[in-house]
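protein27.txt follows (compact mmCIF, N, CA and C atoms):
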# COMPACT_ATOMS: atom_id res chain seq x y z
N MET I 471 136.65 96.89 84.61
CA MET I 471 135.32 96.80 85.18
C MET I 471 134.40 96.12 84.17
N ASN I 472 133.72 95.06 84.60
CA ASN I 472 132.82 94.37 83.68
C ASN I 472 131.47 95.10 83.62
N SER I 473 130.60 94.64 82.75
CA SER I 473 129.31 95.30 82.51
C SER I 473 128.44 95.33 83.76
N LEU I 474 128.44 94.23 84.52
CA LEU I 474 127.63 94.18 85.73
C LEU I 474 128.12 95.18 86.76
N ASP I 475 129.44 95.26 86.93
CA ASP I 475 130.00 96.23 87.88
C ASP I 475 129.66 97.66 87.47
N LYS I 476 129.72 97.92 86.17
CA LYS I 476 129.38 99.26 85.68
C LYS I 476 127.91 99.58 85.93
N LEU I 477 127.05 98.60 85.68
CA LEU I 477 125.62 98.80 85.92
C LEU I 477 125.35 99.10 87.40
N ILE I 478 125.96 98.34 88.28
CA ILE I 478 125.79 98.56 89.72
C ILE I 478 126.31 99.93 90.12
N ALA I 479 127.46 100.32 89.60
CA ALA I 479 128.01 101.63 89.90
C ALA I 479 127.10 102.74 89.39
N ASP I 480 126.56 102.56 88.18
CA ASP I 480 125.65 103.56 87.62
C ASP I 480 124.39 103.70 88.47
N ILE I 481 123.87 102.58 88.94
CA ILE I 481 122.68 102.62 89.79
C ILE I 481 122.98 103.35 91.10
N LYS I 482 124.11 103.02 91.72
CA LYS I 482 124.48 103.67 92.98
C LYS I 482 124.72 105.16 92.81
N ASP I 483 125.19 105.57 91.65
CA ASP I 483 125.48 106.98 91.39
C ASP I 483 124.27 107.77 90.89
N ASP I 484 123.19 107.09 90.59
CA ASP I 484 121.99 107.76 90.10
C ASP I 484 121.45 108.71 91.17
N PRO I 485 121.24 109.99 90.84
CA PRO I 485 120.74 110.95 91.83
C PRO I 485 119.41 110.55 92.45
N LYS I 486 118.54 109.90 91.66
CA LYS I 486 117.25 109.46 92.21
C LYS I 486 117.46 108.39 93.28
N ILE I 487 118.39 107.48 93.03
CA ILE I 487 118.65 106.41 94.00
C ILE I 487 119.28 106.99 95.26
N LYS I 488 120.19 107.94 95.10
CA LYS I 488 120.80 108.59 96.26
C LYS I 488 119.74 109.30 97.11
N ARG I 489 118.83 110.01 96.44
CA ARG I 489 117.76 110.72 97.15
C ARG I 489 116.82 109.72 97.83
N LEU I 490 116.54 108.63 97.16
CA LEU I 490 115.69 107.59 97.72
C LEU I 490 116.30 107.05 99.01
N LYS I 491 117.60 106.82 99.02
CA LYS I 491 118.28 106.34 100.23
C LYS I 491 118.23 107.37 101.35
N GLU I 492 118.40 108.65 101.00
CA GLU I 492 118.29 109.71 102.02
C GLU I 492 116.91 109.71 102.66
N LEU I 493 115.89 109.61 101.83
CA LEU I 493 114.52 109.61 102.33
C LEU I 493 114.24 108.37 103.16
N GLU I 494 114.78 107.23 102.76
CA GLU I 494 114.61 105.99 103.53
C GLU I 494 115.18 106.16 104.93
N GLU I 495 116.34 106.77 105.03
CA GLU I 495 116.96 106.99 106.34
C GLU I 495 116.08 107.89 107.20
N TYR I 496 115.52 108.92 106.60
CA TYR I 496 114.65 109.84 107.33
C TYR I 496 113.39 109.11 107.79
N ILE I 497 112.80 108.32 106.90
CA ILE I 497 111.59 107.58 107.23
C ILE I 497 111.87 106.56 108.33
N ASP I 498 112.99 105.87 108.24
CA ASP I 498 113.35 104.86 109.24
C ASP I 498 113.48 105.47 110.64
N LYS I 499 113.84 106.73 110.71
CA LYS I 499 113.98 107.40 112.01
C LYS I 499 112.64 107.86 112.58
N ASP I 500 111.63 107.95 111.72
CA ASP I 500 110.30 108.39 112.16
C ASP I 500 109.44 107.15 112.43
N LYS I 501 109.28 106.83 113.69
CA LYS I 501 108.58 105.60 114.09
C LYS I 501 107.12 105.59 113.63
N ASP I 502 106.45 106.74 113.67
CA ASP I 502 105.04 106.80 113.25
C ASP I 502 104.89 106.45 111.77
N ILE I 503 105.72 107.05 110.95
CA ILE I 503 105.63 106.80 109.52
C ILE I 503 106.05 105.37 109.20
N THR I 504 107.10 104.89 109.86
CA THR I 504 107.54 103.51 109.65
C THR I 504 106.42 102.54 110.00
N SER I 505 105.75 102.80 111.10
CA SER I 505 104.64 101.95 111.52
C SER I 505 103.51 101.97 110.48
N LEU I 506 103.17 103.16 110.00
CA LEU I 506 102.12 103.27 108.99
C LEU I 506 102.49 102.55 107.70
N LEU I 507 103.74 102.70 107.27
CA LEU I 507 104.18 102.03 106.03
C LEU I 507 104.18 100.51 106.20
N ASN I 508 104.58 100.03 107.37
CA ASN I 508 104.54 98.59 107.62
C ASN I 508 103.11 98.07 107.63
N LYS I 509 102.22 98.86 108.24
CA LYS I 509 100.81 98.47 108.27
C LYS I 509 100.24 98.47 106.85
N LYS I 510 100.61 99.46 106.06
CA LYS I 510 100.15 99.55 104.67
C LYS I 510 100.62 98.32 103.89
N LYS I 511 101.87 97.92 104.09
CA LYS I 511 102.41 96.75 103.40
C LYS I 511 101.63 95.49 103.79
N HIS I 512 101.35 95.36 105.09
CA HIS I 512 100.60 94.20 105.57
C HIS I 512 99.18 94.18 104.96
N ILE I 513 98.52 95.31 104.97
CA ILE I 513 97.17 95.40 104.42
C ILE I 513 97.18 95.10 102.93
N SER I 514 98.19 95.57 102.24
CA SER I 514 98.31 95.30 100.81
C SER I 514 98.35 93.79 100.55
N LYS I 515 99.11 93.08 101.34
CA LYS I 515 99.18 91.62 101.20
C LYS I 515 97.82 90.98 101.47
N GLU I 516 97.12 91.47 102.48
CA GLU I 516 95.81 90.95 102.81
C GLU I 516 94.80 91.23 101.69
N MET I 517 94.93 92.40 101.07
CA MET I 517 94.05 92.75 99.95
C MET I 517 94.25 91.78 98.79
N VAL I 518 95.50 91.47 98.49
CA VAL I 518 95.80 90.54 97.40
C VAL I 518 95.19 89.17 97.71
N LEU I 519 95.36 88.73 98.94
CA LEU I 519 94.82 87.43 99.34
C LEU I 519 93.29 87.43 99.27
N ALA I 520 92.66 88.49 99.77
CA ALA I 520 91.20 88.58 99.74
C ALA I 520 90.69 88.57 98.31
N ARG I 521 91.37 89.28 97.44
CA ARG I 521 90.95 89.30 96.03
C ARG I 521 91.13 87.91 95.40
N LYS I 522 92.24 87.27 95.73
CA LYS I 522 92.51 85.94 95.18
C LYS I 522 91.45 84.94 95.63
N LEU I 523 91.00 85.08 96.88
CA LEU I 523 89.98 84.17 97.42
C LEU I 523 88.56 84.65 97.11
N ASN I 524 88.48 85.74 96.35
CA ASN I 524 87.19 86.32 95.95
C ASN I 524 86.34 86.75 97.16
N LEU I 525 86.99 87.27 98.18
CA LEU I 525 86.32 87.80 99.37
C LEU I 525 86.16 89.30 99.19
N LEU I 526 85.18 89.70 98.41
CA LEU I 526 85.05 91.10 98.02
C LEU I 526 84.75 92.02 99.19
N ASN I 527 83.92 91.60 100.13
CA ASN I 527 83.63 92.45 101.30
C ASN I 527 84.88 92.66 102.14
N THR I 528 85.63 91.59 102.33
CA THR I 528 86.88 91.69 103.09
C THR I 528 87.85 92.60 102.36
N TYR I 529 87.93 92.41 101.05
CA TYR I 529 88.81 93.27 100.24
C TYR I 529 88.42 94.74 100.41
N ASP I 530 87.13 95.04 100.34
CA ASP I 530 86.66 96.43 100.47
C ASP I 530 87.01 97.02 101.83
N GLU I 531 86.90 96.21 102.89
CA GLU I 531 87.27 96.68 104.23
C GLU I 531 88.76 97.02 104.30
N TYR I 532 89.58 96.12 103.75
CA TYR I 532 91.02 96.38 103.72
C TYR I 532 91.34 97.61 102.87
N LYS I 533 90.64 97.75 101.77
CA LYS I 533 90.87 98.89 100.88
C LYS I 533 90.58 100.21 101.59
N LYS I 534 89.51 100.26 102.38
CA LYS I 534 89.18 101.48 103.15
C LYS I 534 90.30 101.80 104.14
N GLU I 535 90.77 100.77 104.83
CA GLU I 535 91.85 100.97 105.80
C GLU I 535 93.14 101.41 105.09
N TYR I 536 93.40 100.80 103.95
CA TYR I 536 94.58 101.15 103.14
C TYR I 536 94.51 102.62 102.72
N ASP I 537 93.34 103.05 102.25
CA ASP I 537 93.16 104.44 101.83
C ASP I 537 93.31 105.42 102.98
N GLN I 538 92.83 105.03 104.17
CA GLN I 538 92.98 105.88 105.35
C GLN I 538 94.45 106.08 105.69
N ILE I 539 95.21 105.01 105.60
CA ILE I 539 96.65 105.10 105.86
C ILE I 539 97.30 105.98 104.80
N ASP I 540 96.90 105.81 103.56
CA ASP I 540 97.41 106.65 102.48
C ASP I 540 97.16 108.13 102.76
N ASP I 541 95.97 108.44 103.27
CA ASP I 541 95.64 109.83 103.60
C ASP I 541 96.57 110.37 104.69
N LYS I 542 96.81 109.55 105.71
CA LYS I 542 97.70 109.97 106.80
C LYS I 542 99.12 110.18 106.29
N ILE I 543 99.58 109.23 105.49
CA ILE I 543 100.94 109.31 104.96
C ILE I 543 101.06 110.44 103.94
N GLY I 544 100.01 110.64 103.18
CA GLY I 544 100.01 111.66 102.13
C GLY I 544 100.23 113.07 102.63
N ASN I 545 100.01 113.29 103.91
CA ASN I 545 100.24 114.61 104.48
C ASN I 545 101.72 114.94 104.60
N SER I 546 102.56 113.96 104.41
CA SER I 546 104.00 114.15 104.52
C SER I 546 104.61 114.27 103.12
N VAL I 547 105.16 115.43 102.83
CA VAL I 547 105.73 115.69 101.50
C VAL I 547 106.88 114.74 101.19
N PHE I 548 107.73 114.48 102.18
CA PHE I 548 108.89 113.64 101.89
C PHE I 548 108.49 112.18 101.64
N VAL I 549 107.38 111.72 102.24
CA VAL I 549 106.92 110.36 101.97
C VAL I 549 106.35 110.29 100.56
N GLU I 550 105.66 111.33 100.15
CA GLU I 550 105.13 111.38 98.79
C GLU I 550 106.28 111.34 97.79
N GLU I 551 107.32 112.12 98.06
CA GLU I 551 108.50 112.10 97.19
C GLU I 551 109.14 110.71 97.19
N TYR I 552 109.22 110.10 98.36
CA TYR I 552 109.78 108.76 98.48
C TYR I 552 109.00 107.76 97.64
N MET I 553 107.68 107.80 97.74
CA MET I 553 106.84 106.87 96.99
C MET I 553 106.98 107.10 95.48
N ASP I 554 107.06 108.36 95.06
CA ASP I 554 107.26 108.66 93.64
C ASP I 554 108.60 108.12 93.14
N LEU I 555 109.65 108.34 93.94
CA LEU I 555 110.97 107.85 93.55
C LEU I 555 111.02 106.32 93.56
N LEU I 556 110.34 105.72 94.52
CA LEU I 556 110.29 104.27 94.58
C LEU I 556 109.59 103.71 93.35
N ASN I 557 108.53 104.36 92.93
CA ASN I 557 107.83 103.96 91.72
C ASN I 557 108.73 104.09 90.49
N ASP I 558 109.46 105.21 90.40
CA ASP I 558 110.40 105.41 89.30
C ASP I 558 111.48 104.33 89.29
N ALA I 559 112.01 104.02 90.48
CA ALA I 559 113.05 103.00 90.58
C ALA I 559 112.50 101.64 90.16
N HIS I 560 111.28 101.37 90.56
CA HIS I 560 110.65 100.09 90.17
C HIS I 560 110.50 100.01 88.66
N ASN I 561 110.07 101.09 88.04
CA ASN I 561 109.92 101.12 86.58
C ASN I 561 111.27 100.93 85.89
N ASP I 562 112.30 101.60 86.40
CA ASP I 562 113.64 101.44 85.84
C ASP I 562 114.12 99.99 85.97
N LEU I 563 113.83 99.39 87.11
CA LEU I 563 114.22 98.00 87.34
C LEU I 563 113.52 97.07 86.36
N GLU I 564 112.24 97.31 86.11
CA GLU I 564 111.51 96.49 85.15
C GLU I 564 112.12 96.61 83.75
N ILE I 565 112.54 97.80 83.38
CA ILE I 565 113.18 98.01 82.08
C ILE I 565 114.49 97.23 82.00
N MET I 566 115.28 97.28 83.08
CA MET I 566 116.55 96.55 83.10
C MET I 566 116.32 95.05 83.04
N ILE I 567 115.33 94.57 83.77
CA ILE I 567 115.03 93.13 83.76
C ILE I 567 114.62 92.70 82.36
N ASP I 568 113.77 93.49 81.72
CA ASP I 568 113.33 93.17 80.36
C ASP I 568 114.52 93.12 79.42
N TYR I 569 115.41 94.10 79.53
CA TYR I 569 116.61 94.15 78.69
C TYR I 569 117.48 92.91 78.91
N LEU I 570 117.70 92.57 80.18
CA LEU I 570 118.53 91.41 80.49
C LEU I 570 117.89 90.12 79.98
N GLU I 571 116.59 89.98 80.17
CA GLU I 571 115.89 88.78 79.69
C GLU I 571 116.02 88.64 78.17
N LYS I 572 115.85 89.74 77.46
CA LYS I 572 115.96 89.69 76.00
C LYS I 572 117.36 89.27 75.58
N ASN I 573 118.37 89.83 76.24
CA ASN I 573 119.74 89.48 75.88
C ASN I 573 120.08 88.05 76.23
N ILE I 574 119.60 87.58 77.35
CA ILE I 574 119.85 86.19 77.73
C ILE I 574 119.17 85.26 76.75
N ASN I 575 117.91 85.56 76.43
CA ASN I 575 117.19 84.72 75.47
C ASN I 575 117.83 84.73 74.10
N LYS I 576 118.34 85.87 73.69
CA LYS I 576 119.02 85.99 72.40
C LYS I 576 120.25 85.07 72.36
N HIS I 577 120.98 85.02 73.47
CA HIS I 577 122.18 84.20 73.53
C HIS I 577 121.85 82.72 73.68
N LEU I 578 120.70 82.41 74.24
CA LEU I 578 120.31 81.02 74.40
C LEU I 578 119.75 80.43 73.12
N ASN I 579 119.19 81.26 72.28
CA ASN I 579 118.57 80.77 71.03
C ASN I 579 119.55 80.74 69.91

Final structure tokens representation of the file:
Amino acid sequence: MNSLDKLIADIKDDPKIKRLKELEEYIDKDKDITSLLNKKKHISKEMVLARKLNLLNTYDEYKKEYDQIDDKIGNSVFVEEYMDLLNDAHNDLEIMIDYLEKNINKHLN
């Protein structure tokens, strides 16, 4: 087994990743939550665009809507756990990317 295969296996075996997948399946079955999460994702993109175009009033309107969705979603414990685990996984991924970039650069120089 090469290093990449081992890394992939380690990620798949990580208890946090397994729990994240379980929660994703549960969320995917709940149409209301799925709809809210999709809407949140769309609004997030609009917020980034509004900020980039310096449309502060538009950004504020989107931010209010985003926060309202967060409040609705926040009432669900499993979604909160999902978001926390997703954040952890994202942080872990950034660490791995940084490590890989450093090693690649070391070998290139």

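The coordinates place atom C of Asp541 (chain I) at 12.6 Å from atom C of Lys509 (chain I).
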
I'd like the interatomic distance between atom C of Leu474 (chain I) and CA of Glu564 (chain I), to a tenth of an Å. 16.7 Å

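Straight-line separation from CA of Leu477 (chain I) to atom C of Glu495 (chain I): 25.0 Å.
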
Please, what is the axis-aligned box for every listed atom of region 491-505 of chain I with 3 Å on each side, as centre and edge lengths in Å to one decimal, as JSON?
{"center_x": 111.0, "center_y": 105.9, "center_z": 106.6, "size_x": 20.9, "size_y": 13.9, "size_z": 21.1}

Considering only C-alpha atoms, state which residue in the set I:Lys510, I:Lys572, I:His577, I:His560 is at the smallest distance from Lys534 (chain I). I:Lys510
